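Each remark here refers to the structure printed beneath this line.
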Amino acid sequence: MIIDMANVGATARMVQLEFDPDEIDLDGERVSLRGKTTFNGEIKLVDARAHLSGKVNAEVLLDCTRCLEPISRNFEFRFRSIFVGSVDEDTNAEAEVSDDALDESLVENGQIDIAEAVREQLMLTLPEQIFCREDCKGLCAKCGSDLNLIDCKCADDEIDPRWAALKNLK
């Protein structure tokens, strides 16, 4: 959904949206959406900046960091984003950027793409590592077998030739 900044007023406007998985662009990311993603929040104008805040609920499919098995998890989180129109932004290349301005998103053509804001916040919320279970053993570094399913017979005592000289140090 696109919201025109010219239509955002000082009075908060409720925004309730449902996105199908294909409406939020996650191509090339390590995650995919399962089912609808919902956004419930509000948008209002404060000091010529649009403030979007609300709650996102999304079920995502990720791969376990250790064994690469697919994991389905539900993420529910709140966020707040600030959007400033490109005409309101200082074009001086020497202008100092305040700490508050670092959290602002620049809006081209005066249009805020809510789906893009939800995608960005979802990607920021996802953990760097996620495991199918806490005691996941991962994959064998030699044969690639899932160590949760089998005990492979690969030798653990083989030394990387780049480190072999260190074996002789006492």
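Simple scheme: letters A, B, ... for chains in structure tokens order, numbers from 1 for residues in each chain, numbers from 1 for ligands in the order shown.
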
(message) Which residues are close to A:Met5, i.e. within 9 Å by only C-alpha atoms, leaving aside same-chain residues fewer than 2 positions away? Reply as a VMD selection string.
(response) chain A and resid 3 7 to 9 45 49 to 50 83 to 85 107 110 to 112

(message) Which residue is closest to A:Ser72? Choose from A:Ser53, A:Phe131, A:Val15, A:Asn148 and count only C-alpha atoms.
(response) A:Phe131

(request) May I have all residues of stretch 113-145 of chain A that DSSP, computed from the backbone, assigns to helix (DSSP H, G or I), given as a PyMOL selection string? (result) chain A and resi 114-125

Would you export the selected residues with all heavy atoms as a short mmCIF file (atom, residue, chain, number, x, y, z; two decimals), in the first residue's frame, please?
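Saved file again_8.cif follows:
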```cif
data_model
loop_
_atom_site.label_atom_id
_atom_site.label_comp_id
_atom_site.auth_asym_id
_atom_site.auth_seq_id
_atom_site.Cartn_x
_atom_site.Cartn_y
_atom_site.Cartn_z
N ILE A 114 4.20 1.29 2.43
CA ILE A 114 4.08 0.59 3.72
C ILE A 114 4.66 -0.82 3.63
O ILE A 114 5.30 -1.29 4.56
CB ILE A 114 2.61 0.53 4.18
CG1 ILE A 114 2.00 1.94 4.26
CG2 ILE A 114 2.49 -0.19 5.52
CD1 ILE A 114 2.60 2.83 5.30
N ALA A 115 4.48 -1.49 2.50
CA ALA A 115 5.02 -2.85 2.33
C ALA A 115 6.55 -2.83 2.45
O ALA A 115 7.14 -3.71 3.06
CB ALA A 115 4.59 -3.44 0.99
N GLU A 116 7.18 -1.81 1.89
CA GLU A 116 8.63 -1.70 1.98
C GLU A 116 9.07 -1.41 3.41
O GLU A 116 10.08 -1.95 3.88
CB GLU A 116 9.15 -0.62 1.03
CG GLU A 116 10.64 -0.40 1.08
CD GLU A 116 11.48 -1.63 0.76
OE1 GLU A 116 11.00 -2.55 0.07
OE2 GLU A 116 12.64 -1.69 1.21
N ALA A 117 8.32 -0.59 4.13
CA ALA A 117 8.64 -0.30 5.53
C ALA A 117 8.51 -1.56 6.37
O ALA A 117 9.37 -1.83 7.22
CB ALA A 117 7.72 0.80 6.06
N VAL A 118 7.48 -2.37 6.13
CA VAL A 118 7.29 -3.62 6.86
C VAL A 118 8.42 -4.60 6.53
O VAL A 118 8.98 -5.25 7.41
CB VAL A 118 5.91 -4.24 6.56
CG1 VAL A 118 5.81 -5.66 7.07
CG2 VAL A 118 4.80 -3.37 7.16
N ARG A 119 8.80 -4.69 5.24
CA ARG A 119 9.90 -5.57 4.83
C ARG A 119 11.20 -5.19 5.53
O ARG A 119 11.91 -6.03 6.08
CB ARG A 119 10.10 -5.51 3.31
CG ARG A 119 11.18 -6.50 2.81
CD ARG A 119 11.71 -6.12 1.44
NE ARG A 119 12.59 -4.98 1.50
CZ ARG A 119 13.86 -5.00 1.91
NH1 ARG A 119 14.40 -6.11 2.33
NH2 ARG A 119 14.59 -3.91 1.92
N GLU A 120 11.50 -3.90 5.53
CA GLU A 120 12.73 -3.42 6.15
C GLU A 120 12.74 -3.74 7.65
O GLU A 120 13.75 -4.23 8.18
CB GLU A 120 12.83 -1.91 5.94
CG GLU A 120 14.05 -1.28 6.54
CD GLU A 120 14.08 0.22 6.29
OE1 GLU A 120 14.35 0.62 5.15
OE2 GLU A 120 13.83 0.96 7.25
N GLN A 121 11.65 -3.49 8.33
CA GLN A 121 11.59 -3.75 9.77
C GLN A 121 11.65 -5.25 10.07
O GLN A 121 12.24 -5.67 11.06
CB GLN A 121 10.34 -3.12 10.38
CG GLN A 121 10.34 -1.61 10.32
CD GLN A 121 11.53 -0.99 11.03
OE1 GLN A 121 11.94 -1.44 12.10
NE2 GLN A 121 12.11 0.05 10.44
N LEU A 122 11.03 -6.06 9.22
CA LEU A 122 11.09 -7.52 9.39
C LEU A 122 12.53 -8.01 9.28
O LEU A 122 13.00 -8.79 10.10
CB LEU A 122 10.21 -8.22 8.35
CG LEU A 122 10.22 -9.74 8.37
CD1 LEU A 122 9.66 -10.26 9.69
CD2 LEU A 122 9.42 -10.29 7.21
N MET A 123 13.26 -7.53 8.28
CA MET A 123 14.65 -7.94 8.10
C MET A 123 15.52 -7.49 9.28
O MET A 123 16.44 -8.20 9.68
CB MET A 123 15.21 -7.40 6.79
CG MET A 123 14.53 -7.97 5.55
SD MET A 123 14.42 -9.76 5.51
CE MET A 123 16.14 -10.22 5.48
N LEU A 124 15.22 -6.33 9.86
CA LEU A 124 15.98 -5.86 11.02
C LEU A 124 15.66 -6.66 12.28
O LEU A 124 16.48 -6.76 13.19
CB LEU A 124 15.70 -4.37 11.26
CG LEU A 124 16.27 -3.41 10.23
CD1 LEU A 124 15.72 -2.01 10.46
CD2 LEU A 124 17.78 -3.42 10.26
N THR A 125 14.46 -7.23 12.35
CA THR A 125 14.02 -7.97 13.52
C THR A 125 14.54 -9.40 13.55
O THR A 125 14.76 -9.97 14.61
CB THR A 125 12.47 -7.99 13.58
OG1 THR A 125 12.02 -6.64 13.65
CG2 THR A 125 11.97 -8.75 14.77
#
```

(request) Write down as an MDAnalysis selection string the residues of chain A whose backbone DSSP state falls under strand (DSSP E). (result) chainID A and resid 2:4 13:19 31:33 37:46 49:63 70:85 104:107 111:113

(message) What does the structure give for the distance between atom CA of A:Asp4 and atom CA of A:Val31, in Å to one decimal?
(response)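 Calculated distance between atom CA of A:Asp4 and atom CA of A:Val31 is 29.3 Å.
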
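Nearest residue to A:Ile130 among A:Asn57, A:Thr11, A:Asn40, A:Thr65 is A:Thr65, counting only C-alpha atoms.
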
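One finds atom CA of A:Leu17 at 12.1 Å from atom CA of A:Ala58.
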
(request) Select, from A:Leu106, A:Leu149, A:Leu33, A:Cys132, the residue with the minimum atom-to-atom distance to A:Leu61, counting only C-alpha atoms. (result)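 Closest residue, counting only C-alpha atoms: A:Leu33.
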